[in-house]
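Inspection log for the structure reproduced underneath, given as structure tokens.
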Amino acid sequence: MRKTKAHLWGFVVVAACALGLLTVASTSPIGIDVLANESSSHYCADIVFGTNEYSSSGTLGAGSFSTHGCTIDAVTASSAYCPSNNISGNNNYSARIGKSGGAGSLTFTFSGLKITKVKVLAFLFGTDYSVKKEALCTVSTSAFTEGSSQSVTSNAVPDISDSSTDAGLVFTGLDNGGQLSTSLTISSSATARFNLCKLVLTISSASVTSSISSVPSSISSSQGAYAPITFNFVEQGNQYSGDCTYIKAGDNDILIDAGNRTSCATTIESYLEDSSRPNNYVSDGKLEYVIATHAHQDHIAGFVGVSDSSSAGMNGVLYHYSVGTLIDFALANTTSTIYANYQTARTYAVNKGTKHFTALQCWNNEGNGASKHYELGTGLTMDILYNYYYENTGSDENNYSVCVLFTQGSKHFLFTGDLEADGETRLVANNTLPTVELFKGGHHGSYTANTDALLSVIQPKLVCICACVGNSEYASTNDHSFPAQESINRLAPYTDRVYCTTLGTWGSSTAHEPMNGNIVVKYDSSSLESMTFSNNSTKLKDTAWFKANRTTPSAWA
Ligand SMILES: [Zn+2]
Ligand SMILES: [Zn+2]
């Protein structure tokens, strides 16, 4: 997908002022922006947005600004300037945040909102532009204090009447699990400053909804009731690395990859049908969607299972379950036996009624079930991302991986299979990726994936890795055993919430035990996250293995 849309917005407030230049429509073309009332009764004297640079050190006074249930009680500035009263004559001026060589910030104080998303339209300060080509814009809320940063890279004045969801810098996940935000801070880095033209806040909160009278009912009625989604990173029961993620998405049972050996079929099916768990997931014998990311054994072996000549012996996932839609890789280089057996299993499923599409067919929206966009429930979607290697051959099987983005409300969850550095770079270039709540660590945590090119865009808040940590199956040095030191160093600036399924031992070809074990991450109908683990909840950085085998990156110190 080249444009990522939030499919279910709470509602959108454009905190815009009474600007002479700002032409305001009462409804946006795509029906999701609710623009502030620009009449003189709605003063926002303390927030100045516009299109011209403002260079005076104006004072921010107390003021009131209330629209659509969003009340700003106060605005405070640190090395940020805007006219003290835009209503009376300075209404074309943007706020200037930061100063040459010094950071600045504007903080808006609310009585309590659940801010899930902030869109920032800004441009580089003119006199800095010739020297400094970008400024870092960081947005944080009281509910997500560490914030999220993106670069302002243009001195072109943005179109502040643009109400599309993807205009400007978009910051998501700012509610940190549904907490109320009493403040919102927009800040610049120390190296450059920028001019703030417009903020768009996406707010999701029942307490706010009740005060909204002017929001279209089709929007307000959709708040707060998403279909839940639960991600299960399943242990595979042996000393090998491999992927298997089971996802309960609304009423849909989804499996992405099926483990590293044919024997994993038994392990996975036992997990999915464990009647002792409250969520005895697959009780009807049906998987609505199955995704096979690429042709490597450690992703497809469990689809094949033990497929001996008797039908009773066929226990592979594609034999055992009724599969609704199977989406797999468009290209493969390998001629391995397991891949041939996978194709046989796939044919078996198709003959039983499974719809089979490659990710490229989905991307091309070929129809009859092949789609790049699937609705899974209220406010819950699955998008097949575009991967250059769906239609271009390469030397590395991993780069053929099917890449999938799940979205619940404003939260996103990314799966890239074993995509390598080159694939990640192209993924970023070809898709408008959002920041994500959850990222399945790329290629089991390999140093050849999890690049800055991808991580700087998706800025994951949680990383789950399917691997047998620390063994030598795919590594010639301990540093490169999964998860590799380089990957850890690159992930660390974004989150210390890194978890792994299984623990191995360097130098042992057989040792394995649960690390976190089966990792279960649930986002409920209010998009609140909860996690459970079959073994323990210890973060990677706090494990004995980490302390003995890895160097703590500075961000985790
Ligand atoms: Zn793999
Ligand atoms: Zn692979």
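Simple scheme: letters A, B, ... for chains in structure tokens order, numbers from 1 for residues in each chain, numbers from 1 for ligands in the order shown.
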Item checked: Test item: residues lying within 8 Å of ligand 1 with only C-alpha atoms and all ligand atoms, as an MDAnalysis selection string -> chainID A and resid 241:243 260 296:299 398 417:418 443:444
Note to self: as a PyMOL selection string, please: the residues near Phe413 of chain A (cut-off 6 Å, only C-alpha atoms, same-chain neighbours under 6 positions excluded).
What the structure shows: chain A and resi 405-406+436-439
Store the residues of this selection in a file with C-alpha atoms, as a compact mmCIF listing (two decimals), in the first residue's frame.
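As written to disk, result_14.txt reads:
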# COMPACT_ATOMS: atom_id res chain seq x y z
CA LEU A 405 0.38 -4.65 8.25
CA PHE A 406 -2.49 -5.07 10.70
CA VAL A 436 3.87 0.68 14.88
CA GLU A 437 2.89 -0.66 18.26
CA LEU A 438 4.30 -4.09 17.53
CA PHE A 439 6.97 -5.34 15.16
Next item on the list: Using only C-alpha atoms and all ligand atoms, find the one residue out of A:Tyr374, A:Tyr246, A:Tyr400, A:Phe144 that sits nearest to ligand 2.
Entry: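 Using only C-alpha atoms and all ligand atoms, ligand 2 sits closest to A:Tyr400.
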Next item on the list: Find, counting only C-alpha atoms and all ligand atoms, the residue in A:Ala292, A:Val170, A:Leu376, A:Ala429 that gets nearest to ligand 2.
Entry: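 Smallest distance to ligand 2 is found for A:Ala292.
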Next item on the list: For Val350 of chain A, work out the shell of residues within 10 Å, counting only C-alpha atoms and skipping chain neighbours fewer than 6 positions away, then give it as an MDAnalysis selection string.
Entry: chainID A and resid 318 322:326 344 356
Next item on the list: Excluding segment 381-383 of chain A and any residue of its chain fewer than 2 positions from it, enumerate the residues within 10 Å of it, using only C-alpha atoms, and give them as a ChimeraX atom specification.
Entry: /A:1,4,6-8,227,249-250,362-363,371-379,385-386,403-409,412-414
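In terms of minimum interatomic distance to Cys468 of chain A, A:Thr501 ranks closest within A:Ser154, A:Ser263, A:Thr501, A:Asn392, counting only C-alpha atoms.
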Next item on the list: Fewer than 6 positions away in the same chain doesn't count, so skip those; otherwise give me all residues within 9 Å of Glu424 of chain A, counting only C-alpha atoms, as a PyMOL selection string.
Entry: chain A and resi 387+399+416+449-451+453-454
Note to self: With only C-alpha atoms as the counted atoms, please give the residues lying no more than 6 Å from segment 521-524 of chain A, apart from itself and same-chain residues fewer than 6 positions off, as a PyMOL selection string.
What the structure shows: chain A and resi 228-231+530-531
Next item on the list: Name all residues at most 12 Å from Gln239 of chain A (count only C-alpha atoms; drop same-chain ones fewer than 4 positions away) and give them as a ChimeraX atom specification.
Entry: /A:235,259-261,264,298,466-474,501-515
Checklist line | Point-to-point distance from atom CA of Asn351 of chain A to atom CA of Gly367 of chain A, Å rounded to tenths | finding: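 According to the coordinates, atom CA of Asn351 of chain A and atom CA of Gly367 of chain A are separated by 19.5 Å.
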Note to self: DSSP on the backbone: which residues in segment 339-436 of chain A end up as strand (DSSP E)? Give the answer as a VMD selection string.
What the structure shows: chain A and resid 355 to 358 373 to 377 380 to 384 404 to 408 411 to 415
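Residue nearest ligand 2, chosen from A:Gln485, A:Thr334, A:Ser554, A:Asn549 and counting only C-alpha atoms and all ligand atoms: A:Thr334.
With only C-alpha atoms as the atoms that count, the residue of A:Glu134, A:Asp452, A:Glu288, A:Asp422 with the shortest distance to Lys355 of chain A is A:Glu288.
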Checklist line | For atom CA of Thr153 of chain A and atom CA of Leu196 of chain A, the interatomic separation in Å (one decimal) | finding: 12.9 Å
Item checked: Distance of atom CA of Ile488 of chain A from atom CA of Asp542 of chain A, expressed in Å to one decimal place ->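 Those two atoms sit 13.1 Å apart.
For the residues A:Ala80, A:Val498, A:Ala301, A:Ile115, ranking by smallest atom-to-atom distance to Asn195 of chain A using only C-alpha atoms places A:Ala80 first.
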